[in-house]
Amino acid sequence: MSTSKKLIAAAALALPAALLLAGCGGTAADSASGSTDEQQTVRIGVVNSGDPYWETFTEAAADEGIDVELVNFTEYTQPNPALSAGELDLNQFQHVIYLATYNVNSDDDLQPIGSTAIYPLGLYSSQYDSVDDIPDGATVAVPNDESNQARGLLVLQSAGLIELEDGGSPFSTVADVLPESKVKVEALDASFTATSLPDVAAAIVNNDFLEDAGLTAADAIAQDDPSDPAAIPYINIFAAKAEDADNPTYLKLVEIYQNTQEVLDGVVEASGGTAVLVKTPVDDLVASLTDVEDDIRANS
């Protein structure tokens with residue numbers, strides 16, 4: 001197994017033409033280049049600016065002399081191009097794999113400068129209280145979209161229910177499930193895995209569908225382990241242009257986010273209790289990004 005596959009095998013994230021910009025003050029880059037503005041302004045692209053913790057974050061940043069201007073997007077496809085075009089200073093909405101995919105497809109070099117949280121993907125069952133209770137030959141459902149299918153399969157492998165060809169990767173599909181596996185795997189639309197629970201032994205259910213299914217993250221009988229190095233590609237991050245990766249103001253904002261308890265509590269609350277907060281060294285994030293980019297190129 002390649003180094004990148006070893007790194008990844010057991011971990012999936014999560015993540016408009018018109019920018020909703022308010023008050024166009026000078027950016028942090030302007031200040032660094034000699035702006036006389038006393039208050040530095042940093043534009044951060046997000047997809048959930050209505051979550052209360054962002055207001056807490058902007059207030060904490062203001063206390064440190066940094067004016068944060070949130071730029072809200074309605075589509076995950078928009079914040080990275082906006083960052084590349086200089087319309088943003090930072091964005092915070094994606095995990096490492098999403099960024100790697102964007103960089104490879106766009107021939108770009110955006111970089112992670114800090115971690116925020118990981119949102120574990122769980123295995124649920126209405127028939128069994130433990131993975132060990134699932135009988136041989138039973139059927140388990142996974143989402144059929146590319147990223148969540150691979151991540152779901154890795155969760156099943158980590159739980160001892162299947163074995164994947166070559167140990168698995170972010171590109172694994174049900175076709176890679178080896179015949180000697182304990183259970184059979186069926187791929188369904190992500191919105192149907194929860195409703196399939198009466199008919200299958202267990203199912204991987206995306207966090208977005210838990211509430212409607214009457215489930216909580218605590219009901220999971222297995223999930224990927226956020227403390228496992230293999231989960232690093234699924235950690236959500238702050239991203240910047242490569243030339244801004246060491247910008248002290250941007251790094252200070254990461255520090256404020258990671259160390260303000262009211263912000264952290266708000267992140268967990270907004271996620272319905274699913275977010276697991278992490279402080280992963282930036283060097284590890286960058287190494288993971290490089291490995292995933294290499295894997296994507298090798299598999300394209």
# chains A, B, ... in the order shown; residues from 1 in each chain; ligands from 1
>>> residues_around(residues="region 131-140 of chain A", least_positions_apart="3", cutoff="6 Å", atoms="only C-alpha atoms", output="mmCIF file with all heavy atoms, in the first residue's frame")
data_model
loop_
_atom_site.group_PDB
_atom_site.id
_atom_site.type_symbol
_atom_site.label_atom_id
_atom_site.label_comp_id
_atom_site.auth_asym_id
_atom_site.auth_seq_id
_atom_site.Cartn_x
_atom_site.Cartn_y
_atom_site.Cartn_z
ATOM 1 N N LYS A 182 -16.949 -10.167 5.770
ATOM 2 C CA LYS A 182 -17.999 -10.719 6.630
ATOM 3 C C LYS A 182 -19.386 -10.387 6.115
ATOM 4 O O LYS A 182 -20.315 -11.203 6.216
ATOM 5 C CB LYS A 182 -17.828 -10.179 8.051
ATOM 6 C CG LYS A 182 -18.893 -10.655 9.025
ATOM 7 C CD LYS A 182 -18.690 -10.082 10.428
ATOM 8 C CE LYS A 182 -19.786 -10.536 11.384
ATOM 9 N NZ LYS A 182 -19.594 -10.006 12.761
ATOM 10 N N VAL A 183 -19.571 -9.191 5.558
ATOM 11 C CA VAL A 183 -20.902 -8.763 5.118
ATOM 12 C C VAL A 183 -20.895 -8.411 3.639
ATOM 13 O O VAL A 183 -19.838 -8.231 3.023
ATOM 14 C CB VAL A 183 -21.397 -7.540 5.922
ATOM 15 C CG1 VAL A 183 -21.469 -7.878 7.404
ATOM 16 C CG2 VAL A 183 -20.496 -6.318 5.689
ATOM 17 N N LYS A 184 -22.087 -8.306 3.086
ATOM 18 C CA LYS A 184 -22.270 -7.813 1.731
ATOM 19 C C LYS A 184 -22.554 -6.312 1.805
ATOM 20 O O LYS A 184 -23.133 -5.831 2.780
ATOM 21 C CB LYS A 184 -23.436 -8.530 1.052
ATOM 22 C CG LYS A 184 -23.241 -10.035 0.937
ATOM 23 C CD LYS A 184 -24.484 -10.702 0.360
ATOM 24 C CE LYS A 184 -24.315 -12.214 0.307
ATOM 25 N NZ LYS A 184 -25.550 -12.888 -0.199
ATOM 26 N N VAL A 185 -22.181 -5.592 0.760
ATOM 27 C CA VAL A 185 -22.346 -4.141 0.771
ATOM 28 C C VAL A 185 -23.193 -3.713 -0.420
ATOM 29 O O VAL A 185 -22.959 -4.139 -1.552
ATOM 30 C CB VAL A 185 -20.992 -3.421 0.728
ATOM 31 C CG1 VAL A 185 -21.196 -1.906 0.756
ATOM 32 C CG2 VAL A 185 -20.114 -3.848 1.902
ATOM 33 N N VAL A 200 -31.878 -3.570 6.144
ATOM 34 C CA VAL A 200 -30.476 -3.982 6.129
ATOM 35 C C VAL A 200 -29.975 -4.099 7.559
ATOM 36 O O VAL A 200 -30.594 -3.586 8.504
ATOM 37 C CB VAL A 200 -29.596 -2.980 5.345
ATOM 38 C CG1 VAL A 200 -30.010 -2.936 3.877
ATOM 39 C CG2 VAL A 200 -29.655 -1.598 5.980
ATOM 40 N N ALA A 201 -28.849 -4.793 7.716
ATOM 41 C CA ALA A 201 -28.297 -4.976 9.057
ATOM 42 C C ALA A 201 -27.805 -3.663 9.644
ATOM 43 O O ALA A 201 -27.912 -3.420 10.849
ATOM 44 C CB ALA A 201 -27.168 -6.005 9.014
ATOM 45 N N ALA A 202 -27.260 -2.805 8.790
ATOM 46 C CA ALA A 202 -26.728 -1.514 9.228
ATOM 47 C C ALA A 202 -26.510 -0.645 7.996
ATOM 48 O O ALA A 202 -26.522 -1.151 6.859
ATOM 49 C CB ALA A 202 -25.423 -1.690 9.993
ATOM 50 N N ALA A 203 -26.302 0.651 8.227
ATOM 51 C CA ALA A 203 -26.093 1.563 7.103
ATOM 52 C C ALA A 203 -25.230 2.731 7.540
ATOM 53 O O ALA A 203 -25.314 3.202 8.676
ATOM 54 C CB ALA A 203 -27.430 2.083 6.570
#
>>> select_by_dssp(residues="region 137-297 of chain A", states="strand (DSSP E or B)", output="list of chain:residue names")
A:Thr139, A:Val140, A:Ala141, A:Val142, A:Pro143, A:Leu164, A:Val177, A:Lys184, A:Val185, A:Glu186, A:Ala187, A:Leu188, A:Ala202, A:Ala203, A:Ile204, A:Val205, A:Ala222, A:Gln223, A:Asn236, A:Ile237, A:Phe238, A:Ala239, A:Ala240, A:Val276, A:Leu277
>>> write_last_selection(atoms="N, CA and C atoms", output="compact mmCIF listing (two decimals), in the first residue's frame")
# COMPACT_ATOMS: atom_id res chain seq x y z
N THR A 139 -26.39 -7.77 4.92
CA THR A 139 -26.19 -6.66 3.99
C THR A 139 -26.08 -5.34 4.74
N VAL A 140 -25.10 -4.54 4.36
CA VAL A 140 -24.88 -3.22 4.95
C VAL A 140 -24.90 -2.20 3.81
N ALA A 141 -25.57 -1.09 4.03
CA ALA A 141 -25.70 -0.06 2.99
C ALA A 141 -24.68 1.06 3.20
N VAL A 142 -24.20 1.59 2.07
CA VAL A 142 -23.30 2.75 2.08
C VAL A 142 -23.81 3.75 1.05
N PRO A 143 -23.49 5.05 1.19
CA PRO A 143 -23.88 6.02 0.17
C PRO A 143 -23.21 5.70 -1.17
N LEU A 164 -10.96 -4.50 1.99
CA LEU A 164 -10.90 -3.81 0.70
C LEU A 164 -9.62 -4.16 -0.04
N VAL A 177 -14.66 -4.45 -2.54
CA VAL A 177 -14.91 -5.27 -1.36
C VAL A 177 -14.53 -6.72 -1.69
N LYS A 184 -22.09 -8.31 3.09
CA LYS A 184 -22.27 -7.81 1.73
C LYS A 184 -22.55 -6.31 1.80
N VAL A 185 -22.18 -5.59 0.76
CA VAL A 185 -22.35 -4.14 0.77
C VAL A 185 -23.19 -3.71 -0.42
N GLU A 186 -24.16 -2.86 -0.14
CA GLU A 186 -25.04 -2.31 -1.18
C GLU A 186 -24.92 -0.79 -1.17
N ALA A 187 -24.72 -0.19 -2.34
CA ALA A 187 -24.61 1.26 -2.45
C ALA A 187 -25.97 1.85 -2.79
N LEU A 188 -26.40 2.84 -1.98
CA LEU A 188 -27.68 3.51 -2.19
C LEU A 188 -27.46 5.02 -2.21
N ALA A 202 -27.26 -2.81 8.79
CA ALA A 202 -26.73 -1.51 9.23
C ALA A 202 -26.51 -0.65 8.00
N ALA A 203 -26.30 0.65 8.23
CA ALA A 203 -26.09 1.56 7.10
C ALA A 203 -25.23 2.73 7.54
N ILE A 204 -24.39 3.18 6.61
CA ILE A 204 -23.65 4.43 6.79
C ILE A 204 -24.60 5.57 6.48
N VAL A 205 -24.77 6.49 7.45
CA VAL A 205 -25.72 7.60 7.28
C VAL A 205 -24.96 8.92 7.42
N ALA A 222 -20.48 2.38 15.00
CA ALA A 222 -19.08 2.49 14.55
C ALA A 222 -18.93 3.79 13.80
N GLN A 223 -17.73 4.34 13.78
CA GLN A 223 -17.45 5.54 13.01
C GLN A 223 -15.95 5.64 12.81
N ASN A 236 -11.54 19.51 8.57
CA ASN A 236 -11.88 20.80 7.98
C ASN A 236 -10.82 21.83 8.33
N ILE A 237 -10.62 22.78 7.43
CA ILE A 237 -9.45 23.66 7.53
C ILE A 237 -9.77 25.11 7.17
N PHE A 238 -8.91 26.01 7.62
CA PHE A 238 -8.77 27.33 7.03
C PHE A 238 -7.80 27.18 5.86
N ALA A 239 -8.12 27.80 4.72
CA ALA A 239 -7.24 27.75 3.55
C ALA A 239 -6.86 29.16 3.11
N ALA A 240 -5.64 29.28 2.59
CA ALA A 240 -5.12 30.56 2.09
C ALA A 240 -4.36 30.31 0.79
N VAL A 276 -16.06 17.09 16.01
CA VAL A 276 -14.97 16.77 16.93
C VAL A 276 -13.87 17.79 16.66
N LEU A 277 -13.61 18.64 17.63
CA LEU A 277 -12.64 19.72 17.45
C LEU A 277 -11.22 19.17 17.47
>>> residues_around(residues="region 48-61 of chain A", least_positions_apart="6", cutoff="12 Å", atoms="only C-alpha atoms", output="ChimeraX atom specification")
/A:15,20,39-42,67-76,79,91-94,249-272
>>> closest_residue(among="A:Gly122, A:Asp208, A:Ser181, A:Ile113", to="Pro248 (chain A)", atoms="only C-alpha atoms")
A:Ile113
>>> residues_around(residues="region 98-103 of chain A", least_positions_apart="6", cutoff="10 Å", atoms="only C-alpha atoms", output="VMD selection string")
chain A and resid 12 to 15 76 to 77 80 to 81 109 to 112 147 233 to 234 236 to 237 239 288 to 297
>>> select_by_dssp(residues="region 120-183 of chain A", states="alpha helix (DSSP H)", output="PyMOL selection string")
chain A and resi 146-158
>>> decode(residues="region 208-265 of chain A", atoms="C-alpha atoms", output="PDB file, in the first residue's frame")
ATOM      1  CA  ASP A 208     -27.092  15.708   7.188  1.00  0.00           C
ATOM      2  CA  PHE A 209     -29.753  12.975   7.326  1.00  0.00           C
ATOM      3  CA  LEU A 210     -29.519  11.963  10.986  1.00  0.00           C
ATOM      4  CA  GLU A 211     -32.135  14.332  12.404  1.00  0.00           C
ATOM      5  CA  ASP A 212     -34.804  13.486   9.822  1.00  0.00           C
ATOM      6  CA  ALA A 213     -34.231   9.795  10.545  1.00  0.00           C
ATOM      7  CA  GLY A 214     -34.642  10.316  14.282  1.00  0.00           C
ATOM      8  CA  LEU A 215     -30.985   9.480  14.889  1.00  0.00           C
ATOM      9  CA  THR A 216     -28.179  11.218  16.732  1.00  0.00           C
ATOM     10  CA  ALA A 217     -24.432  10.805  16.417  1.00  0.00           C
ATOM     11  CA  ALA A 218     -24.498   8.946  19.747  1.00  0.00           C
ATOM     12  CA  ASP A 219     -26.533   6.160  18.087  1.00  0.00           C
ATOM     13  CA  ALA A 220     -23.627   5.142  15.829  1.00  0.00           C
ATOM     14  CA  ILE A 221     -22.303   1.627  16.416  1.00  0.00           C
ATOM     15  CA  ALA A 222     -19.078   2.487  14.548  1.00  0.00           C
ATOM     16  CA  GLN A 223     -17.452   5.542  13.005  1.00  0.00           C
ATOM     17  CA  ASP A 224     -14.090   6.691  11.735  1.00  0.00           C
ATOM     18  CA  ASP A 225     -11.704   7.742  14.489  1.00  0.00           C
ATOM     19  CA  PRO A 226     -10.768  11.454  14.400  1.00  0.00           C
ATOM     20  CA  SER A 227      -7.612  10.685  16.394  1.00  0.00           C
ATOM     21  CA  ASP A 228      -6.366   8.252  13.750  1.00  0.00           C
ATOM     22  CA  PRO A 229      -3.725   9.808  11.448  1.00  0.00           C
ATOM     23  CA  ALA A 230      -5.624   8.209   8.590  1.00  0.00           C
ATOM     24  CA  ALA A 231      -8.471  10.660   9.256  1.00  0.00           C
ATOM     25  CA  ILE A 232      -6.387  13.780   8.557  1.00  0.00           C
ATOM     26  CA  PRO A 233      -7.687  14.135   4.971  1.00  0.00           C
ATOM     27  CA  TYR A 234     -11.183  14.628   6.397  1.00  0.00           C
ATOM     28  CA  ILE A 235     -10.263  17.444   8.784  1.00  0.00           C
ATOM     29  CA  ASN A 236     -11.881  20.800   7.976  1.00  0.00           C
ATOM     30  CA  ILE A 237      -9.448  23.656   7.534  1.00  0.00           C
ATOM     31  CA  PHE A 238      -8.766  27.333   7.033  1.00  0.00           C
ATOM     32  CA  ALA A 239      -7.240  27.752   3.554  1.00  0.00           C
ATOM     33  CA  ALA A 240      -5.118  30.561   2.087  1.00  0.00           C
ATOM     34  CA  LYS A 241      -3.162  31.253  -1.059  1.00  0.00           C
ATOM     35  CA  ALA A 242       0.290  29.661  -0.912  1.00  0.00           C
ATOM     36  CA  GLU A 243       2.051  33.035  -0.691  1.00  0.00           C
ATOM     37  CA  ASP A 244      -0.071  33.910   2.371  1.00  0.00           C
ATOM     38  CA  ALA A 245       0.439  30.668   4.281  1.00  0.00           C
ATOM     39  CA  ASP A 246       2.725  32.362   6.821  1.00  0.00           C
ATOM     40  CA  ASN A 247       0.770  35.610   7.127  1.00  0.00           C
ATOM     41  CA  PRO A 248       0.828  36.374  10.890  1.00  0.00           C
ATOM     42  CA  THR A 249      -2.614  37.973  10.886  1.00  0.00           C
ATOM     43  CA  TYR A 250      -4.175  34.943   9.228  1.00  0.00           C
ATOM     44  CA  LEU A 251      -2.402  32.576  11.621  1.00  0.00           C
ATOM     45  CA  LYS A 252      -3.627  34.706  14.523  1.00  0.00           C
ATOM     46  CA  LEU A 253      -7.202  34.216  13.310  1.00  0.00           C
ATOM     47  CA  VAL A 254      -6.689  30.442  13.331  1.00  0.00           C
ATOM     48  CA  GLU A 255      -5.391  30.718  16.879  1.00  0.00           C
ATOM     49  CA  ILE A 256      -8.408  32.785  17.924  1.00  0.00           C
ATOM     50  CA  TYR A 257     -10.782  30.218  16.400  1.00  0.00           C
ATOM     51  CA  GLN A 258      -9.033  27.264  18.036  1.00  0.00           C
ATOM     52  CA  ASN A 259      -8.680  28.851  21.485  1.00  0.00           C
ATOM     53  CA  THR A 260     -11.938  30.737  22.020  1.00  0.00           C
ATOM     54  CA  GLN A 261     -14.153  28.387  24.005  1.00  0.00           C
ATOM     55  CA  GLU A 262     -17.372  30.165  23.054  1.00  0.00           C
ATOM     56  CA  VAL A 263     -16.511  29.657  19.376  1.00  0.00           C
ATOM     57  CA  LEU A 264     -15.710  25.980  19.892  1.00  0.00           C
ATOM     58  CA  ASP A 265     -18.916  25.399  21.840  1.00  0.00           C
TER      59      ASP A 265
END
